[in-house]
Amino acid sequence: MFLAPTKEQARARVATLVENFERQLPDYHRGSYNETQTRRDFIDPFFQALGWDIDNSSGAAEAYREVIHEDKVKVGKATKAPDYSFRLPGGQRLFFVEAKKPSVRIKEELEPAYQVRRYGWSAKLALSVLTDFEELAVYDCTMQPAPTDKAAKGRLKYLTFREYAAEFDFLWDTFSKESVLRGGLDKYVATGSGKRGKETVDAAFLTTLEAMRAELAQGLATRNRHLDADELRFLVQMLLDRIIFLRIAEDRGIEPYADLQAVARVKKKDKVYAGLLDRFKAASARYNSGLFDLKKDPLSAQVHLDNAVLAPLLQSLYYPESPYEFSVIGAEILGSAYERFLGKVISLEPGRVVRIEDKPEVRKAGGVFYTPAYIVNHIVAATLGPRCADRTPQDVAKLRVLDPACGSGSFLLGAYQYLLDWHLAYYQAHPTAALPPVPVSIGKAGAKAPPRRGGGLTPDGRLSSPVKRAILLNNLYGVDLDGQAVEVTKLSLLLKCLEGETSASIQHTLGLERVLPTIDQNIRVGNSLVETNFYDGEIDFAPDAEKTVKPFGWRDEFVAVFKQGGFDVVMGNPPYVQVSNMPTEVAQYLQQHYSLTNDLYTLFLEKGMQLTHTGGQLSFIVPSLFLKNVNSKNVRAYINTHCANFVFEQQGDNVFDQVKMPTCIIITHKGQAKIARDYFAGDADGLFIKVKTQPLGELATVTRGLEIGRDKLMEAGEYACLTGGNIDRYFTKSRKYISAPTRQEFNKNAEVFAAPKLMVRETGSQFCVTLDDEGLLTTRSIYNVKSKKDQVSEKFLLGLLGSKLFVFYFKEFISPETKTFPKVRIAQLKELPIPKLSLKISADKRTHDEVVGLVDQLLAGYAGLAAHKLASAKEQAQAKLRHLERRLDGLVYDLYQLTEEERAHVSGVSS
């Protein structure tokens, strides 16, 4: 049993190591020591002194070892895996240590530094260590490495062995196991966070994927003039997925290293692609995965691709040109890159010119946003944890988990990892337990093979291949409208299934069964919201609409699941798109077949409830606006009616990079609560329910101002351009200016800024809105609101938004936990409930004009306030403004038919 030393014991041990090394230094420099001896005599004891169980003397299973010794596969000068991987309990990597032989000059040589940075960067680690004991260097691994980088690039700390005693506190506080578990390593990383690299491995890999896609697409389009855009997209995606899979398998030691590189070196015309097809056929026989099935994909064997396109692409994936060490790149990192990669689509222009651009839905949403791992892991643990507790693998095999908008598979990967960990722990505690049953064939009937006893773990304590395959086939299901996304999900899951496998283990498995399962029946292409009743002809769809709509018959495609009553768990991150932005025919279908037609995420909530059995669980991360917004009362009513044990967890508005959308995690069970209850007691519905309203976004256009940084704003210039700080309630306080915008920019935004319009401040200590009758430019910190033709006027809307009722509404129901006035978000602004008035009806016209008359007086009064020189005159003017505002508040209360009690409450809170 390994006993970690105390800090003082460790200090003494390191001092002894230093003394011993000093004595051996002459032999060391003469070359008497090789790398293995150096590791055994000095590097291993050094990290043991820091509390790490280097030799696994505690007997932990392989998956739970603190330190993993990577077997090195030498290919030329390249080392194929880091020597040590230091990990938290459960397997999360902390840092790598690369050990070198005595002749390596750690301080000056470029290649070792590049190598260790390449490992750490590929694994998305903050730092790693390079050492031969005589020298030790700590490297920042957040910066993308290049083989030409100096050895000092990214180096955070450099020590010689003679400095270990003086720097022992640093070594202990940063790298000892005791300190790491207390956050010492995290603290050290945080001290230099401002200097860290910006391009993470997933962002860089996205750039690589995009470049490969462009090259392959143009190469295929040029040589194969019969291909249409859909066929081209399919071929490029499959080719990329297959190449990436095999390249990763090489670095993991599963496939012969540099096999694809050898293919690239063939000089005969078109033989590189022919050689690649041969590798795909061999992989199909080896892995039995649909990824390489050329019988289902005859198109790949019918096209041609020039060597000049394919050979450089394959060569670029190898050391030293490639910055990636694929053996340590996890499926989650690939998924993050692929998610954004799938936001673009290939199209063909005249002359067979390939164009790659954002998908329309991505343009509308402002980009593709990958769900952070901590959100995925939290949702997975919250849903699967209770359902796996106190169960056996036979029980868990019946668990059906669905992501109905799976994208590149982040939630399914998270669920797979959770189930892998659960089964590993179970079989460690019950070594002779039966294996989970698996389907005899991948058919829709779902027939099961009888359970087999034992074999849950490999001899070295890892989870066995049959168990990993069984989990994939039994537990995980996904659907997505994007066929490319579905292929990426399958790729990611198959790569996760291969983690920990070696060439030897695969050879052993091949004697029994194929290595990978075919999961085509689990992960499907289709429209989760549109069933096959689409074909009944209720709506006049365009010809061939099914090609883009892709109706999906849930009970036909997942027969075995619905024989059990439905899915046990539905989880994910559904799209945040308004139904009004969908194609007209699709929007009509959704409105006919669902009750919650606010946004797609609410439709997925309703669909998710339909797909689960009674007692089944649903958990999504969604915008939190529905929790309190008055126009989402139907969503809240649905949840109160159909959901038991509904809870939500606010996540704020910084979950997704570059998106300011307040989000929450919802967790619920299908079924009615035993006692009728309102999960949303205290919402704003009561204030607005007495009159017919419509969202502000239907009455007016609501847009942001220009994307202009503060550095572009001046005290004088050609165009007045206001920021949020320049406006107040009913008046502008000051002005900033910019130089003349380009003609294109001005023309593009002319309608947005034309007068009259309202200007609403995004942030501030109070809600600020005023009128612009000059056509001023604004920055993005101001929303511009323009009434649509034949609707109520901007001044009428100003009267409502400037009233105490809406100050109260924002203060109480948008972000009540905020001490100052919260940020106003454009989606919230668009949903404000405005009374339905018809200016053709005399009573409505009279009310409208009365509000406008008071607003005119308030605008004039606030504009003239600064002109009063005498304090008494200014006080008199302010008294008049307070009186006018009270009259306006009364009119607004009348419009919404508030009771006396409600008026008193609103006035008290908003004062």
# chains A, B, ... in the order shown; residues from 1 in each chain; ligands from 1

$ residues_around --residues "A:Thr612" --least-positions-apart "4" --cutoff "9 Å" --atoms "only C-alpha atoms" --output "MDAnalysis selection string"
chainID A and resid 562 565:570 607:608 616:618 669:670

$ select_by_dssp --residues "stretch 59-268 of chain A" --states "alpha helix (DSSP H)" --output "PyMOL selection string"
chain A and resi 110-122+168-175+177-181+184-191+201-223+229-251+259-264

$ residues_around --residues "stretch 54-63 of chain A" --least-positions-apart "3" --cutoff "10 Å" --atoms "only C-alpha atoms" --output "PyMOL selection string"
chain A and resi 1-3+43-49+51+66-69+84+86+89-91+421+424-425+428+457-463+500

$ residues_around --residues "stretch 768-783 of chain A" --least-positions-apart "4" --cutoff "8 Å" --atoms "only C-alpha atoms" --output "MDAnalysis selection string"
chainID A and resid 702:708 719:724 727:732 753:764 794:795 798 801:802 826

$ residues_around --residues "A:Val138" --least-positions-apart "3" --cutoff "10 Å" --atoms "only C-alpha atoms" --output "PyMOL selection string"
chain A and resi 97+113+116-117+127-131+141+154-159

$ write_last_selection --atoms "C-alpha atoms" --output "mmCIF file, in the first residue's frame"
data_model
loop_
_atom_site.group_PDB
_atom_site.id
_atom_site.type_symbol
_atom_site.label_atom_id
_atom_site.label_comp_id
_atom_site.auth_asym_id
_atom_site.auth_seq_id
_atom_site.Cartn_x
_atom_site.Cartn_y
_atom_site.Cartn_z
ATOM 1 C CA VAL A 97 5.157 14.646 -17.778
ATOM 2 C CA ALA A 113 9.439 21.423 -25.988
ATOM 3 C CA VAL A 116 5.253 18.136 -24.679
ATOM 4 C CA ARG A 117 3.285 21.262 -25.636
ATOM 5 C CA LEU A 127 0.188 22.875 -18.563
ATOM 6 C CA SER A 128 2.613 19.965 -18.685
ATOM 7 C CA VAL A 129 6.171 19.164 -17.592
ATOM 8 C CA LEU A 130 9.351 18.277 -19.486
ATOM 9 C CA THR A 131 12.262 16.840 -17.492
ATOM 10 C CA CYS A 141 -0.155 24.209 -23.095
ATOM 11 C CA GLY A 154 5.238 29.041 -23.481
ATOM 12 C CA ARG A 155 7.702 28.094 -20.753
ATOM 13 C CA LEU A 156 6.341 29.126 -17.358
ATOM 14 C CA LYS A 157 9.134 27.838 -15.136
ATOM 15 C CA TYR A 158 12.625 26.450 -15.622
ATOM 16 C CA LEU A 159 14.673 24.792 -12.863
#

$ decode --residues "stretch 182-193 of chain A" --atoms "N, CA and C atoms" --output "PDB file, in the first residue's frame"
ATOM      1  N   ARG A 182      -6.390  20.039  -3.466  1.00  0.00           N
ATOM      2  CA  ARG A 182      -6.883  21.252  -2.783  1.00  0.00           C
ATOM      3  C   ARG A 182      -6.956  22.447  -3.732  1.00  0.00           C
ATOM      4  N   GLY A 183      -6.645  22.242  -5.006  1.00  0.00           N
ATOM      5  CA  GLY A 183      -6.740  23.323  -5.981  1.00  0.00           C
ATOM      6  C   GLY A 183      -5.458  24.072  -6.239  1.00  0.00           C
ATOM      7  N   GLY A 184      -4.314  23.559  -5.774  1.00  0.00           N
ATOM      8  CA  GLY A 184      -3.052  24.264  -5.960  1.00  0.00           C
ATOM      9  C   GLY A 184      -2.669  24.427  -7.422  1.00  0.00           C
ATOM     10  N   LEU A 185      -2.866  23.373  -8.212  1.00  0.00           N
ATOM     11  CA  LEU A 185      -2.553  23.449  -9.632  1.00  0.00           C
ATOM     12  C   LEU A 185      -3.454  24.468 -10.322  1.00  0.00           C
ATOM     13  N   ASP A 186      -4.740  24.462  -9.969  1.00  0.00           N
ATOM     14  CA  ASP A 186      -5.680  25.420 -10.556  1.00  0.00           C
ATOM     15  C   ASP A 186      -5.291  26.856 -10.221  1.00  0.00           C
ATOM     16  N   LYS A 187      -4.836  27.062  -9.000  1.00  0.00           N
ATOM     17  CA  LYS A 187      -4.434  28.424  -8.599  1.00  0.00           C
ATOM     18  C   LYS A 187      -3.234  28.888  -9.415  1.00  0.00           C
ATOM     19  N   TYR A 188      -2.287  27.983  -9.621  1.00  0.00           N
ATOM     20  CA  TYR A 188      -1.104  28.353 -10.402  1.00  0.00           C
ATOM     21  C   TYR A 188      -1.488  28.685 -11.836  1.00  0.00           C
ATOM     22  N   VAL A 189      -2.386  27.883 -12.401  1.00  0.00           N
ATOM     23  CA  VAL A 189      -2.852  28.152 -13.764  1.00  0.00           C
ATOM     24  C   VAL A 189      -3.550  29.502 -13.817  1.00  0.00           C
ATOM     25  N   ALA A 190      -4.381  29.783 -12.804  1.00  0.00           N
ATOM     26  CA  ALA A 190      -5.150  31.035 -12.805  1.00  0.00           C
ATOM     27  C   ALA A 190      -4.263  32.263 -12.723  1.00  0.00           C
ATOM     28  N   THR A 191      -3.092  32.144 -12.085  1.00  0.00           N
ATOM     29  CA  THR A 191      -2.225  33.323 -11.948  1.00  0.00           C
ATOM     30  C   THR A 191      -1.733  33.828 -13.289  1.00  0.00           C
ATOM     31  N   GLY A 192      -1.690  32.965 -14.278  1.00  0.00           N
ATOM     32  CA  GLY A 192      -1.228  33.400 -15.598  1.00  0.00           C
ATOM     33  C   GLY A 192      -2.324  33.373 -16.639  1.00  0.00           C
ATOM     34  N   SER A 193      -3.602  33.374 -16.187  1.00  0.00           N
ATOM     35  CA  SER A 193      -4.703  33.197 -17.134  1.00  0.00           C
ATOM     36  C   SER A 193      -4.790  34.312 -18.153  1.00  0.00           C
TER      37      SER A 193
END
